[in-house]
>>> print(open('protein.txt').read())   # compact mmCIF, C-alpha atoms
# COMPACT_ATOMS: atom_id res chain seq x y z
CA GLY A 1 -23.19 -10.80 -7.18
CA LEU A 2 -20.18 -11.29 -9.47
CA ASP A 3 -16.51 -10.45 -9.06
CA GLU A 4 -14.14 -9.30 -11.83
CA TRP A 5 -13.79 -12.89 -13.09
CA ASN A 6 -17.57 -13.45 -13.04
CA ASN A 7 -17.38 -15.77 -10.06
CA ARG A 8 -20.72 -15.98 -8.30
CA TYR A 9 -21.21 -14.72 -4.73
CA ILE A 10 -24.15 -14.84 -2.33
CA LYS A 11 -24.81 -12.27 0.37
CA PHE A 12 -26.62 -13.21 3.57
CA ALA A 13 -28.45 -10.96 6.02
CA VAL A 14 -30.00 -11.87 9.36
CA ARG A 15 -33.16 -9.93 10.15
CA GLY A 16 -32.87 -7.82 13.28
CA SER A 17 -29.12 -8.31 13.80
CA GLY A 18 -27.86 -5.18 12.06
CA ARG A 19 -24.65 -7.09 11.28
CA ASP A 20 -23.23 -6.66 7.78
CA ILE A 21 -21.95 -10.00 6.48
CA PRO A 22 -19.60 -9.78 3.46
CA PRO A 23 -20.66 -12.00 0.55
CA PHE A 24 -19.40 -15.57 0.23
CA SER A 25 -18.22 -17.02 -3.07
CA VAL A 26 -19.77 -20.21 -4.38
CA LYS A 27 -16.30 -21.75 -4.17
CA GLN A 28 -16.14 -20.94 -0.45
CA LEU A 29 -19.61 -22.38 0.16
CA THR A 30 -18.86 -25.64 -1.66
CA THR A 31 -15.37 -26.26 -0.29
CA ASP A 32 -15.65 -25.04 3.32
CA PRO A 33 -18.98 -23.60 4.54
CA LYS A 34 -17.80 -23.42 8.18
CA PRO A 35 -16.90 -19.69 8.01
CA LEU A 36 -20.44 -18.98 6.77
CA PHE A 37 -22.00 -20.64 9.81
CA ALA A 38 -19.58 -18.82 12.11
CA GLU A 39 -20.68 -15.48 10.58
CA LEU A 40 -24.35 -16.42 10.82
CA GLY A 41 -23.87 -17.60 14.40
CA ASN A 42 -22.32 -14.25 15.38
CA ALA A 43 -25.34 -12.60 13.79
CA GLY A 44 -27.72 -14.65 15.95
CA VAL A 45 -28.51 -17.73 13.84
CA ASN A 46 -28.29 -21.05 15.68
CA ALA A 47 -26.76 -23.59 13.32
CA PHE A 48 -24.62 -25.61 15.69
CA THR A 49 -25.63 -29.12 14.69
CA SER A 50 -24.89 -30.93 11.44
CA LYS A 51 -28.63 -31.38 10.90
CA ALA A 52 -29.27 -27.62 11.17
CA ARG A 53 -26.38 -26.76 8.84
CA ASN A 54 -27.36 -29.38 6.30
CA GLY A 55 -30.95 -28.14 6.40
CA PHE A 56 -29.76 -24.60 5.73
CA LEU A 57 -27.63 -25.72 2.78
CA GLU A 58 -30.56 -27.73 1.43
CA LYS A 59 -32.75 -24.61 1.46
CA LEU A 60 -29.97 -22.75 -0.32
CA GLN A 61 -29.73 -25.55 -2.89
CA ASN A 62 -33.46 -25.25 -3.66
CA ARG A 63 -33.41 -21.50 -4.24
CA LYS A 64 -33.62 -20.43 -7.86
CA PRO A 65 -30.58 -18.50 -9.15
CA GLN A 66 -31.09 -14.75 -9.39
CA LEU A 67 -29.56 -12.14 -11.66
CA PRO A 68 -26.61 -10.36 -10.01
CA THR A 69 -27.45 -7.14 -8.19
CA PHE A 70 -23.96 -6.09 -7.02
CA LYS A 71 -20.27 -6.18 -7.96
CA VAL A 72 -17.85 -7.91 -5.59
CA VAL A 73 -14.57 -6.17 -4.77
CA THR A 74 -11.72 -8.52 -3.82
CA ARG A 75 -8.88 -6.01 -3.45
CA LEU A 76 -8.35 -2.45 -2.34
CA GLY A 77 -8.26 0.48 -4.76
CA TRP A 78 -10.35 1.91 -7.57
CA LYS A 79 -13.60 0.23 -8.53
CA SER A 80 -16.58 1.60 -10.50
CA GLY A 81 -15.45 5.22 -10.07
CA ALA A 82 -14.89 4.99 -6.30
CA PHE A 83 -11.94 4.07 -4.09
CA VAL A 84 -12.35 1.05 -1.83
CA LEU A 85 -10.68 0.75 1.57
CA PRO A 86 -11.26 -2.14 4.00
CA ASN A 87 -13.91 -0.28 5.99
CA GLU A 88 -14.93 2.53 3.66
CA VAL A 89 -15.86 3.28 0.04
CA ILE A 90 -14.86 6.82 -0.92
CA GLY A 91 -16.93 8.34 -3.69
CA HIS A 92 -20.15 7.31 -5.39
CA PRO A 93 -19.66 4.06 -7.35
CA ASN A 94 -21.70 3.66 -10.50
CA LYS A 95 -22.59 0.10 -9.38
CA HIS A 96 -23.50 -1.29 -5.97
CA LEU A 97 -20.30 -2.69 -4.43
CA GLU A 98 -19.81 -5.38 -1.80
CA CYS A 99 -16.35 -6.19 -0.42
CA SER A 100 -15.01 -9.70 0.08
CA PHE A 101 -11.47 -9.67 1.51
CA ARG A 102 -11.45 -13.07 3.21
CA HIS A 103 -8.34 -14.13 1.25
CA LEU A 104 -6.37 -11.20 2.68
CA ASP A 105 -4.63 -10.74 6.05
CA ASN A 106 -7.04 -9.29 8.63
CA GLN A 107 -4.28 -7.51 10.56
CA MET A 108 -3.11 -5.79 7.39
CA LEU A 109 -6.65 -4.63 6.65
CA ALA A 110 -7.27 -3.47 10.23
CA LYS A 111 -4.42 -0.94 10.07
CA TYR A 112 -6.32 1.25 7.56
CA ARG A 113 -7.79 3.45 10.28
CA CYS A 114 -7.82 7.10 11.34
CA ARG A 115 -7.05 9.09 14.45
CA GLY A 116 -7.04 12.87 14.70
CA ALA A 117 -7.81 15.46 12.03
CA LEU A 118 -5.85 16.48 8.95
CA LYS A 119 -4.68 19.63 10.74
CA ASP A 120 -3.34 17.47 13.57
CA TRP A 121 -1.26 15.45 11.10
CA GLN A 122 0.00 18.58 9.36
CA ASN A 123 0.98 20.30 12.62
CA ASN A 124 2.43 17.27 14.38
CA ILE A 125 4.06 15.33 11.54
CA GLY A 126 4.05 17.34 8.33
CA ALA A 127 5.63 20.37 9.98
CA LEU A 128 8.65 18.30 11.09
CA CYS A 129 9.11 16.96 7.55
CA LYS A 130 9.85 20.43 6.16
CA GLY A 131 13.51 20.86 5.39
CA ASN A 132 14.11 17.10 5.61
CA SER A 133 14.33 15.76 2.08
CA ARG A 134 13.89 12.06 2.91
CA LEU A 135 10.81 12.72 5.04
CA MET A 136 9.27 14.92 2.33
CA PHE A 137 9.97 12.16 -0.19
CA ALA A 138 8.39 9.55 2.10
CA ALA A 139 5.23 11.61 2.57
CA SER A 140 4.96 12.17 -1.19
CA LEU A 141 5.52 8.47 -1.85
CA ALA A 142 2.48 7.79 0.35
CA CYS A 143 0.37 9.72 -2.19
CA VAL A 144 1.40 7.65 -5.22
CA GLY A 145 -0.81 4.53 -5.01
CA PRO A 146 -4.17 6.10 -5.94
CA ILE A 147 -2.76 7.90 -9.02
CA LEU A 148 -0.87 4.96 -10.54
CA ARG A 149 -3.64 4.10 -12.98
CA PHE A 150 -3.63 7.68 -14.30
CA VAL A 151 0.08 8.10 -15.05
CA THR A 152 2.60 6.82 -17.55
CA GLY A 153 5.77 5.04 -16.52
CA PRO A 154 6.29 2.20 -14.02
CA ARG A 155 3.20 1.34 -11.98
CA SER A 156 4.98 -0.85 -9.46
CA GLY A 157 8.41 -1.02 -7.88
CA GLY A 158 10.15 0.27 -4.81
CA PHE A 159 12.71 2.44 -3.07
CA GLN A 160 15.03 1.57 -0.21
CA ILE A 161 16.26 4.01 2.42
CA SER A 162 19.64 2.65 3.46
CA GLY A 163 22.27 3.61 6.03
CA LEU A 164 23.64 2.88 9.46
CA GLY A 165 21.34 1.72 12.25
CA GLU A 166 19.56 4.18 14.55
CA THR A 167 19.75 7.04 12.05
CA GLY A 168 16.01 7.57 11.48
CA LYS A 169 15.28 5.26 8.53
CA THR A 170 12.32 3.60 10.26
CA THR A 171 11.04 7.05 11.20
CA ALA A 172 10.82 8.00 7.52
CA ALA A 173 8.87 4.79 6.92
CA MET A 174 6.53 5.61 9.81
CA VAL A 175 5.95 9.11 8.43
CA ALA A 176 4.91 7.61 5.08
CA GLY A 177 2.71 5.05 6.81
CA SER A 178 0.99 7.62 9.02
CA PHE A 179 -0.60 8.96 5.83
CA TRP A 180 -2.67 5.73 5.65
CA GLY A 181 -3.07 4.41 9.19
CA CYS A 182 -1.43 2.42 11.96
CA HIS A 183 -1.51 -1.21 13.08
CA LEU A 184 -4.11 -2.11 15.68
CA SER A 185 -2.27 -4.76 17.72
CA PRO A 186 0.17 -3.37 20.32
CA GLU A 187 3.16 -5.41 19.15
CA ARG A 188 2.80 -4.29 15.50
CA ARG A 189 1.80 -0.71 16.34
CA GLU A 190 5.45 0.02 17.25
CA LYS A 191 6.24 0.14 13.50
CA GLY A 192 3.13 2.13 12.60
CA PHE A 193 1.75 1.04 9.22
CA ALA A 194 4.79 -1.05 8.18
CA GLU A 195 5.05 -4.75 7.48
CA SER A 196 8.14 -6.84 8.18
CA TRP A 197 10.42 -8.31 5.54
CA HIS A 198 10.27 -11.48 7.63
CA THR A 199 6.51 -12.02 7.41
CA THR A 200 6.28 -10.85 3.79
CA ALA A 201 8.71 -13.47 2.49
CA GLY A 202 6.10 -16.23 2.74
CA LYS A 203 3.11 -14.30 1.41
CA VAL A 204 4.29 -11.74 -1.13
CA GLU A 205 1.11 -11.80 -3.20
CA ILE A 206 -1.33 -11.51 -0.30
CA THR A 207 0.74 -8.63 1.08
CA ALA A 208 0.73 -6.86 -2.30
CA LEU A 209 -3.03 -7.28 -2.77
CA ALA A 210 -3.65 -5.86 0.72
CA HIS A 211 -1.79 -2.70 -0.36
CA ASN A 212 -3.05 -2.37 -3.93
CA GLU A 213 -3.07 1.31 -4.98
CA THR A 214 -2.12 2.43 -1.46
CA LEU A 215 1.39 2.01 0.03
CA LEU A 216 3.47 -0.96 1.14
CA ILE A 217 6.27 -0.45 3.68
CA LEU A 218 8.77 -3.21 4.45
CA ASP A 219 10.93 -2.44 7.47
CA GLU A 220 14.40 -3.79 8.22
CA SER A 221 15.76 -5.96 5.41
CA LYS A 222 17.89 -7.81 8.00
CA ARG A 223 14.67 -9.63 8.97
CA ALA A 224 14.36 -11.08 5.45
CA GLY A 225 16.53 -14.12 6.24
CA ARG A 226 18.75 -15.82 8.79
CA ASN A 227 22.04 -15.15 7.01
CA ASP A 228 23.50 -12.92 4.31
CA LEU A 229 22.66 -15.33 1.48
CA GLN A 230 19.03 -15.81 2.55
CA ARG A 231 18.56 -12.08 3.08
CA ALA A 232 19.98 -11.13 -0.30
CA HIS A 233 17.91 -13.74 -2.16
CA ALA A 234 14.73 -12.72 -0.31
CA VAL A 235 15.13 -8.98 -0.90
CA ILE A 236 16.00 -9.44 -4.58
CA ASP A 237 13.22 -11.98 -5.24
CA ILE A 238 10.50 -10.13 -3.32
CA SER A 239 11.42 -6.80 -4.91
CA PHE A 240 11.27 -8.39 -8.35
CA ASN A 241 7.93 -10.07 -7.64
CA LEU A 242 6.38 -6.89 -6.25
CA ALA A 243 7.64 -4.88 -9.21
CA GLU A 244 6.18 -7.41 -11.67
CA GLY A 245 2.70 -6.50 -10.43
CA THR A 246 1.01 -9.91 -10.86
CA GLU A 247 0.83 -13.13 -8.90
CA ARG A 248 2.43 -16.25 -10.30
CA GLU A 249 0.32 -18.58 -12.42
CA ARG A 250 -0.30 -21.94 -10.77
CA LEU A 251 -1.70 -25.22 -12.02
CA ASN A 252 -4.50 -25.15 -9.43
CA ASN A 253 -5.50 -21.57 -10.21
CA GLN A 254 -8.66 -21.83 -12.31
CA HIS A 255 -9.02 -18.09 -12.83
CA SER A 256 -6.98 -15.23 -14.23
CA VAL A 257 -4.02 -14.20 -12.10
CA ARG A 258 -4.57 -11.20 -9.88
CA GLY A 259 -2.54 -8.03 -10.25
CA TRP A 260 -1.66 -4.96 -8.23
CA ARG A 261 -0.33 -1.46 -8.61
CA VAL A 262 1.84 -0.44 -5.67
CA TYR A 263 5.02 1.44 -4.86
CA PHE A 264 6.82 0.10 -1.80
CA LEU A 265 9.38 1.50 0.61
CA SER A 266 12.07 -0.61 2.28
CA THR A 267 14.50 0.27 5.05
CA SER A 268 17.91 -1.38 5.29
CA ASN A 269 21.31 -0.97 6.94
CA TYR A 270 22.86 -2.00 3.62
CA THR A 271 22.19 -0.96 0.04
CA LEU A 272 20.93 -3.61 -2.36
CA ARG A 273 24.39 -3.84 -3.92
CA GLN A 274 25.97 -4.28 -0.46
CA LEU A 275 23.43 -6.96 0.47
CA ALA A 276 24.36 -8.85 -2.70
CA GLN A 277 28.11 -8.42 -2.15
CA ARG A 278 27.86 -9.77 1.40
CA ALA A 279 26.16 -12.86 -0.05
CA HIS A 280 28.65 -13.10 -2.95
CA LEU A 281 25.89 -12.55 -5.50
CA ASP A 282 25.86 -10.42 -8.61
CA VAL A 283 23.07 -7.92 -9.23
CA ASP A 284 22.34 -6.32 -12.57
CA GLU A 285 20.62 -3.10 -13.60
CA ALA A 286 17.23 -4.81 -13.84
CA GLU A 287 17.40 -5.75 -10.16
CA LEU A 288 18.92 -2.46 -9.02
CA GLY A 289 16.31 -0.61 -11.03
CA ARG A 290 13.45 -2.25 -9.15
CA LEU A 291 14.77 -1.20 -5.73
CA PRO A 292 16.97 1.90 -6.03
CA ASP A 293 18.66 3.01 -2.82
CA ILE A 294 18.20 6.39 -1.16
CA GLN A 295 21.16 6.84 1.16
CA LEU A 296 21.34 9.21 4.11
CA PRO A 297 22.19 12.86 3.40
CA ALA A 298 25.84 13.80 3.87
CA ASP A 299 26.93 16.02 6.77
CA SER A 300 23.61 15.73 8.56
CA HIS A 301 22.03 14.29 11.69
CA GLY A 302 21.28 10.80 10.43
CA ILE A 303 18.33 11.09 8.08
CA TYR A 304 17.62 14.69 9.14
CA GLU A 305 18.90 17.94 7.68
CA ASP A 306 16.74 20.14 9.94
CA LEU A 307 16.24 19.16 13.60
CA HIS A 308 13.51 21.79 14.13
CA GLY A 309 14.98 22.81 17.49
CA TYR A 310 15.50 19.31 18.87
CA PRO A 311 18.98 18.78 20.38
CA ASN A 312 19.78 15.71 18.26
CA GLY A 313 18.39 13.21 15.78
CA VAL A 314 17.60 10.64 18.45
CA GLU A 315 15.15 12.92 20.25
CA LEU A 316 13.52 14.00 16.99
CA THR A 317 13.17 10.33 16.01
CA ASP A 318 11.52 9.43 19.32
CA GLU A 319 9.14 12.37 19.01
CA LEU A 320 8.15 11.62 15.43
CA LYS A 321 7.62 7.91 16.09
CA GLY A 322 5.34 8.72 19.01
CA ARG A 323 3.34 11.19 16.94
CA CYS A 324 2.95 8.69 14.09
CA ARG A 325 1.29 6.30 16.54
CA LYS A 326 -1.11 8.99 17.77
CA VAL A 327 -2.15 10.82 14.60
CA PHE A 328 -2.69 8.89 11.37
CA GLY A 329 -4.94 7.98 8.46
CA THR A 330 -6.79 11.26 7.91
CA PRO A 331 -4.46 12.64 5.19
CA SER A 332 -5.20 9.71 2.88
CA ARG A 333 -8.97 10.09 3.31
CA GLU A 334 -8.88 13.83 2.53
CA TYR A 335 -6.57 13.15 -0.42
CA LEU A 336 -8.83 10.40 -1.78
CA ARG A 337 -11.99 12.45 -1.40
CA LYS A 338 -10.51 15.27 -3.47
CA LEU A 339 -8.93 12.90 -5.98
CA VAL A 340 -12.16 10.97 -6.54
CA ALA A 341 -14.10 14.23 -6.92
CA GLU A 342 -11.61 15.60 -9.47
CA HIS A 343 -11.49 12.35 -11.41
CA THR A 344 -15.30 12.28 -11.54
CA LYS A 345 -15.51 15.91 -12.70
CA ASP A 346 -12.59 16.14 -15.16
CA PRO A 347 -10.37 13.05 -15.53
CA MET A 348 -8.49 14.51 -18.49
CA ALA A 349 -7.46 17.60 -16.53
CA LEU A 350 -6.20 15.35 -13.73
CA LYS A 351 -4.08 13.27 -16.10
CA LYS A 352 -2.77 16.42 -17.81
CA PHE A 353 -1.64 17.86 -14.47
CA LEU A 354 0.14 14.64 -13.49
CA ARG A 355 1.84 14.31 -16.88
CA ALA A 356 3.09 17.89 -16.70
CA ARG A 357 4.55 17.36 -13.22
CA GLN A 358 6.26 14.15 -14.32
CA ALA A 359 7.73 15.89 -17.37
CA TYR A 360 8.96 18.81 -15.27
CA TYR A 361 10.75 16.49 -12.85
CA LEU A 362 12.33 14.45 -15.66
CA LYS A 363 13.60 17.64 -17.29
CA LEU A 364 15.32 18.67 -14.05
CA SER A 365 16.62 15.16 -13.41
CA ASN A 366 17.98 14.63 -16.91
CA ALA A 367 19.74 17.99 -16.87
CA LYS A 368 21.48 17.12 -13.61
CA THR A 369 22.37 13.62 -14.81
CA GLU A 370 23.88 15.01 -18.01
CA ALA A 371 25.84 17.69 -16.13
CA GLU A 372 27.42 15.02 -13.93
CA GLY A 373 28.25 12.73 -16.85
CA LEU A 374 25.92 9.95 -15.68
CA ARG A 375 23.61 7.65 -17.62
CA PRO A 376 20.03 7.69 -16.32
CA LEU A 377 18.05 4.56 -15.54
CA ASN A 378 14.72 5.49 -17.11
CA ARG A 379 12.65 3.14 -14.95
CA VAL A 380 14.08 4.64 -11.76
CA ALA A 381 13.78 8.22 -12.96
CA GLY A 382 10.19 7.50 -13.96
CA ARG A 383 9.31 6.36 -10.44
CA PHE A 384 10.85 9.44 -8.87
CA ALA A 385 8.91 11.57 -11.35
CA THR A 386 5.68 9.87 -10.30
CA VAL A 387 6.46 10.48 -6.61
CA TYR A 388 7.01 14.15 -7.42
CA ALA A 389 3.74 14.35 -9.38
CA ALA A 390 1.78 12.72 -6.55
CA GLY A 391 3.35 15.06 -4.00
CA CYS A 392 2.47 18.07 -6.14
CA LEU A 393 -1.14 16.90 -6.35
CA ALA A 394 -1.30 16.54 -2.57
CA ILE A 395 0.16 20.03 -2.22
CA ARG A 396 -2.49 21.39 -4.59
CA TYR A 397 -5.16 19.65 -2.49
CA GLY A 398 -3.83 21.31 0.67
CA ILE A 399 -2.64 18.02 2.21
CA LEU A 400 1.16 18.36 2.28
CA PRO A 401 2.27 21.60 3.99
CA TRP A 402 5.14 22.69 1.72
CA SER A 403 5.60 24.03 -1.80
CA SER A 404 6.19 22.14 -5.04
CA ASN A 405 9.48 24.01 -5.40
CA ASP A 406 10.61 22.70 -2.00
CA LEU A 407 9.53 19.22 -3.06
CA SER A 408 11.45 19.24 -6.36
CA LYS A 409 14.63 20.22 -4.49
CA ALA A 410 14.04 17.54 -1.86
CA ILE A 411 13.47 14.70 -4.32
>>> encode(input="protein.txt", output="structure tokens")
Amino acid sequence: GLDEWNNRYIKFAVRGSGRDIPPFSVKQLTTDPKPLFAELGNAGVNAFTSKARNGFLEKLQNRKPQLPTFKVVTRLGWKSGAFVLPNEVIGHPNKHLECSFRHLDNQMLAKYRCRGALKDWQNNIGALCKGNSRLMFAASLACVGPILRFVTGPRSGGFQISGLGETGKTTAAMVAGSFWGCHLSPERREKGFAESWHTTAGKVEITALAHNETLLILDESKRAGRNDLQRAHAVIDISFNLAEGTERERLNNQHSVRGWRVYFLSTSNYTLRQLAQRAHLDVDEAELGRLPDIQLPADSHGIYEDLHGYPNGVELTDELKGRCRKVFGTPSREYLRKLVAEHTKDPMALKKFLRARQAYYLKLSNAKTEAEGLRPLNRVAGRFATVYAAGCLAIRYGILPWSSNDLSKAI
């Protein structure tokens, strides 16, 4: 098989094992074949000695090259008319696809999983989002990744929910993440689908590629560095790199740089401007525009405007966090199935719907901006418009349990 850069891959199968082994690139086989023999060993092939391994490689050397029979997918998202997740291909691709994600973080890939039914998510999580603008925004943001290739405006960038500690910011992030899944390991499951600013600092590109056309959540900006200066530099640099949408070119990179489309959500006790001020740094509109802050609503219970009968925000937070760890993943699969089907049937109608929703939001936003004597930042307004359009699509698909009118007011 071949990947998007026409790199050659070879797929191995062991008769009788039933184990699916992802294809190996020629580069992997020539530089470090040990992972191949580990995979083959787990499938039942004994190749424990150097003689056995060398004999296997010699047989491989003597095989005549064959024409490619499959396309290799190296990142999540759209490919050949289908949508690729780590353990599932949604739709009917027009070419046979094989996934090779060995360059990505296994724990990040493992969190794309499901528990419960769509109705469970709607009743347990979606119902508590109603009347809470930041939660409705977070759930709509979760719908953006798969439509980014079909819309105009920025196709990468982020938002940051900022405010005092213990006010529900992480809960909003967990609500958004529950749309896609939940971490598998117990220690990471506490934050649902989210990644940490701390771990992301050293592997921005791998993190972005593991969330291509889905959703990236970065929790607690205070973990981005040991002091104010490190934190501010990390948040500004990472936000800029993620918003650029491509990995950096390097001298040892023989192939085209990889890119991603992803909107990300950060949580922070401080706004981006406050983070910079604490570090005695200046930030300009370009940097602020890549990570606009969404502060807590005024005169409310932390992040909540409607407690839905709970006595306080703390108890609602505890309840929502627990539910996000019990019910997750199904909304994204239902959303993707309907999106892939509509794109296959009538892609122009899909794009027309999304454009109309974006235009409607921008009309409302610009009118409000003008009435308040403010100057809009077009890049920021464009991202909010895309979130609104994605939310409206999910409402039309019967995924999000509120109206588009409620959503426009919330955002």
>>> atom_distance(input="protein.txt", atom1="CA of Leu76 in chain A", atom2="CA of Thr386 in chain A")
20.3 Å
>>> residues_around(input="protein.txt", residues="range 88-98 of chain A", least_positions_apart="3", cutoff="9 Å", atoms="all atoms listed in the file", output="MDAnalysis selection string")
chainID A and resid 1 11 22:23 69:74 79:85 333 336:337 340:341 344
>>> write_last_selection(input="protein.txt", atoms="C-alpha atoms", output="PDB file, in the frame of the given file")
ATOM      1  CA  GLY A   1     -23.190 -10.800  -7.180  1.00  0.00           C
ATOM      2  CA  LYS A  11     -24.810 -12.270   0.370  1.00  0.00           C
ATOM      3  CA  PRO A  22     -19.600  -9.780   3.460  1.00  0.00           C
ATOM      4  CA  PRO A  23     -20.660 -12.000   0.550  1.00  0.00           C
ATOM      5  CA  THR A  69     -27.450  -7.140  -8.190  1.00  0.00           C
ATOM      6  CA  PHE A  70     -23.960  -6.090  -7.020  1.00  0.00           C
ATOM      7  CA  LYS A  71     -20.270  -6.180  -7.960  1.00  0.00           C
ATOM      8  CA  VAL A  72     -17.850  -7.910  -5.590  1.00  0.00           C
ATOM      9  CA  VAL A  73     -14.570  -6.170  -4.770  1.00  0.00           C
ATOM     10  CA  THR A  74     -11.720  -8.520  -3.820  1.00  0.00           C
ATOM     11  CA  LYS A  79     -13.600   0.230  -8.530  1.00  0.00           C
ATOM     12  CA  SER A  80     -16.580   1.600 -10.500  1.00  0.00           C
ATOM     13  CA  GLY A  81     -15.450   5.220 -10.070  1.00  0.00           C
ATOM     14  CA  ALA A  82     -14.890   4.990  -6.300  1.00  0.00           C
ATOM     15  CA  PHE A  83     -11.940   4.070  -4.090  1.00  0.00           C
ATOM     16  CA  VAL A  84     -12.350   1.050  -1.830  1.00  0.00           C
ATOM     17  CA  LEU A  85     -10.680   0.750   1.570  1.00  0.00           C
ATOM     18  CA  ARG A 333      -8.970  10.090   3.310  1.00  0.00           C
ATOM     19  CA  LEU A 336      -8.830  10.400  -1.780  1.00  0.00           C
ATOM     20  CA  ARG A 337     -11.990  12.450  -1.400  1.00  0.00           C
ATOM     21  CA  VAL A 340     -12.160  10.970  -6.540  1.00  0.00           C
ATOM     22  CA  ALA A 341     -14.100  14.230  -6.920  1.00  0.00           C
ATOM     23  CA  THR A 344     -15.300  12.280 -11.540  1.00  0.00           C
TER      24      THR A 344
END
>>> atom_distance(input="protein.txt", atom1="CA of Ser100 in chain A", atom2="CA of Arg19 in chain A")
15.0 Å
>>> residues_around(input="protein.txt", residues="range 201-214 of chain A", least_positions_apart="3", cutoff="6 Å", atoms="only C-alpha atoms", output="list in words")
Leu76, Gly77, Leu104, Gly145, Pro146, His198, Glu247, Trp260, Arg261 and Val262 of chain A
>>> atom_distance(input="protein.txt", atom1="CA of Tyr361 in chain A", atom2="CA of Leu377 in chain A")
14.2 Å
>>> residues_near_point(input="protein.txt", point="(19.3, 13.0, 8.4)", cutoff="9 Å", atoms="all atoms listed in the file", output="MDAnalysis selection string")
chainID A and resid 132:134 167:169 296:307 313
>>> closest_residue(input="protein.txt", among="A:Phe353, A:Arg102, A:Asn269, A:Arg113", to="Glu166 in chain A", atoms="only C-alpha atoms")
A:Asn269
>>> closest_residue(input="protein.txt", among="A:Gly382, A:Gly329, A:Gly165, A:Pro154", to="Ala117 in chain A", atoms="all atoms listed in the file")
A:Gly329
>>> closest_residue(input="protein.txt", among="A:Ala243, A:Ile10, A:Met348, A:Leu218", to="Ser268 in chain A", atoms="all atoms listed in the file")
A:Leu218
>>> closest_residue(input="protein.txt", among="A:Lys352, A:Arg290, A:Arg396, A:His280", to="Val235 in chain A", atoms="only C-alpha atoms")
A:Arg290
>>> closest_residue(input="protein.txt", among="A:Ser403, A:Thr369, A:Thr170, A:Gln358", to="Val151 in chain A", atoms="only C-alpha atoms")
A:Gln358
>>> closest_residue(input="protein.txt", among="A:Glu220, A:Asp3, A:Asp105, A:Glu195", to="Tyr270 in chain A", atoms="all atoms listed in the file")
A:Glu220
>>> residues_around(input="protein.txt", residues="Tyr310 in chain A", least_positions_apart="6", cutoff="10 Å", atoms="all atoms listed in the file", output="VMD selection string")
chain A and resid 316 to 317 319
